[in-house]
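Shown next, in structure tokens, is the structure this report addresses.
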Amino acid sequence: MRPNARRTTLADIAQAAGVSVATVSKVVNGRGDVAPHTRTRVQELLHQHHYLAPVFRHTESVQSPTIEVQFKGGLKSYVAETLEGIIDSAEESGASVVISKASHAPHWARDLVSAGRRAVIAVTSVYTTAHLNELARTELPLVVLDPLHLPDSRVNSVGATNFAGGLTATQHLLSLGHRRIAYLGGPAMAVCNQARTHGYRAAMEAEGAPVPDAYVRPGEFTYETGLLGATALLSLEEPPTAVFAGNDEIAVGVIEAARARGLRIPEDLSVVGFDDTSVAQMASPPLTTVRQPLREMGAAALRTALRLANGEKVESHHIELATELVVRASTAPPGKGTPTPG
């Protein structure tokens, strides 16, 4: 909204709808004693005129801010652990959190404002220019966790040092003596996946290790990507002796694909994951992985959302937290059981 733009009033809506101000007030406050066709007409006008109830225009009047947290897809370990960080930080801050799946229905941002939300945190959700414009019209701040696309200047985001993580994971495998190292990742256009891929390639190039085209395979951040991708890799004429997976779920799929071929982990194939979710610790064998500080990322997103909701400025629109390698039992020097094509 432009700084000097005149805000639409209830009287404006009432005049346009041909009803009383009291009727419009009932619709805004969710009262039930309004005819359905009248309610629909008034709601359409409220949306058209970008009407925001005064109680939600002035943030200082809200004592306990409510933040909407949206996520896309299933409630997987990655999402669950970031949500824990958000919830714990909200409890410490005295804020409230409402968790929902991203739908982006028409006027979704305006509906969030009408429901009293002060900011939105998106976990693994995709926001288009149209979504950002809708948020801008409502002046509802957005914080994206681990953005899939390059951060828009209007979007605040929190991520991790994905390039450094990819570099460290690959260097670990190289230090063990591996040279035939493959990378199985997530969506090719995802920023986090690109950064991990670049880290992998940088480590391989620095060591003078070749990277055949067939050794780099994008997919989804799912178990199925690991299962299918590893099956293809292990069928190559010169299969890899180690696989760096774009996340822990992909890594577990790789382990299963190797077992199906009678290979042992790590004697015959070393595997490194990314994230260090509970999946990594429960894997058999326990998974060497790159730890993303998921709970800390969630907490940072919540703190950023609260600052923006209070009208404060933040130092940077993108925050990156450090990753670190966690070595467990799924990696070892290449042994006599080096994979052979099937």
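How things are named: the first chain in the structure tokens is A, the next is B, and so on; residues count from 1 in each chain; ligands count from 1 in the order shown.
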Quick one: everything within 10 Å of region 251-261 of chain A, counting only C-alpha atoms, minus sequence neighbours fewer than 4 positions away in the same chain. Send it as an MDAnalysis selection string. chainID A and resid 184:185 221:235 243:247 265:266 268:274 279:280 282:289 330 339:342
Those in region 52-251 of chain A with alpha helix (DSSP H) from DSSP, as a PyMOL selection string: chain A and resi 54-57+77-93+108-114+129-138+162-175+191-207+223-233+248-251
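Shortest separation to Glu207 (chain A) among A:Leu263, A:Leu83, A:Val98, A:Ile181 occurs at residue A:Ile181, atoms counted being only C-alpha atoms.
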Using only C-alpha atoms, tabulate the residues of region 266-301 of chain A lying at most 12 Å from any atom of region 133-151 of chain A, each with its closest atom pair and that distance in Å to one decimal, by chain and increasing residue number, as a tab-separated table.
```
residue	atom	partner	partner_atom	distance
A:Asp275	CA	A:Asp146	CA	11.6
A:Gln292	CA	A:Asp146	CA	10.4
A:Pro293	CA	A:Asp146	CA	11.4
A:Leu294	CA	A:Leu145	CA	9.5
A:Arg295	CA	A:Leu145	CA	11.1
A:Glu296	CA	A:Leu145	CA	11.1
A:Met297	CA	A:Leu145	CA	7.4
A:Gly298	CA	A:Leu145	CA	7.4
A:Ala299	CA	A:Leu145	CA	10.4
A:Ala300	CA	A:Leu145	CA	9.4
A:Ala301	CA	A:Val143	CA	6.3
```
Between A:Gly116, A:Pro106, A:Gly177, A:Gly94, which has the minimum distance to Ala130 (chain A) (counting only C-alpha atoms)?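 Smallest separation from Ala130 (chain A) among the options: A:Pro106.
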Region 193-263 of chain A: residues DSSP assigns to strand (DSSP E or B), reported as a list in words: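 Checking each residue of region 193-263 of chain A, the strand (DSSP E or B) ones are Val216, Arg217, Ala242, Val243, Phe244 and Ala245 of chain A.
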Atoms kept (N, CA and C atoms) for selection, written as an mmCIF file, in the first residue's frame:
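Once everything was written out, this is result_39.cif:
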```cif
data_model
loop_
_atom_site.group_PDB
_atom_site.id
_atom_site.type_symbol
_atom_site.label_atom_id
_atom_site.label_comp_id
_atom_site.auth_asym_id
_atom_site.auth_seq_id
_atom_site.Cartn_x
_atom_site.Cartn_y
_atom_site.Cartn_z
ATOM 1 N N VAL A 216 26.376 -37.338 -11.765
ATOM 2 C CA VAL A 216 25.596 -36.258 -11.145
ATOM 3 C C VAL A 216 24.154 -36.376 -11.613
ATOM 4 N N ARG A 217 23.260 -36.704 -10.662
ATOM 5 C CA ARG A 217 21.864 -36.947 -11.008
ATOM 6 C C ARG A 217 20.940 -36.144 -10.088
ATOM 7 N N ALA A 242 31.595 -44.369 -3.893
ATOM 8 C CA ALA A 242 30.980 -43.559 -2.838
ATOM 9 C C ALA A 242 29.905 -42.666 -3.451
ATOM 10 N N VAL A 243 28.886 -42.367 -2.648
ATOM 11 C CA VAL A 243 27.800 -41.498 -3.099
ATOM 12 C C VAL A 243 27.568 -40.415 -2.045
ATOM 13 N N PHE A 244 27.574 -39.172 -2.493
ATOM 14 C CA PHE A 244 27.161 -38.045 -1.665
ATOM 15 C C PHE A 244 25.710 -37.742 -2.021
ATOM 16 N N ALA A 245 24.831 -37.860 -1.048
ATOM 17 C CA ALA A 245 23.402 -37.666 -1.274
ATOM 18 C C ALA A 245 22.972 -36.280 -0.812
#
```
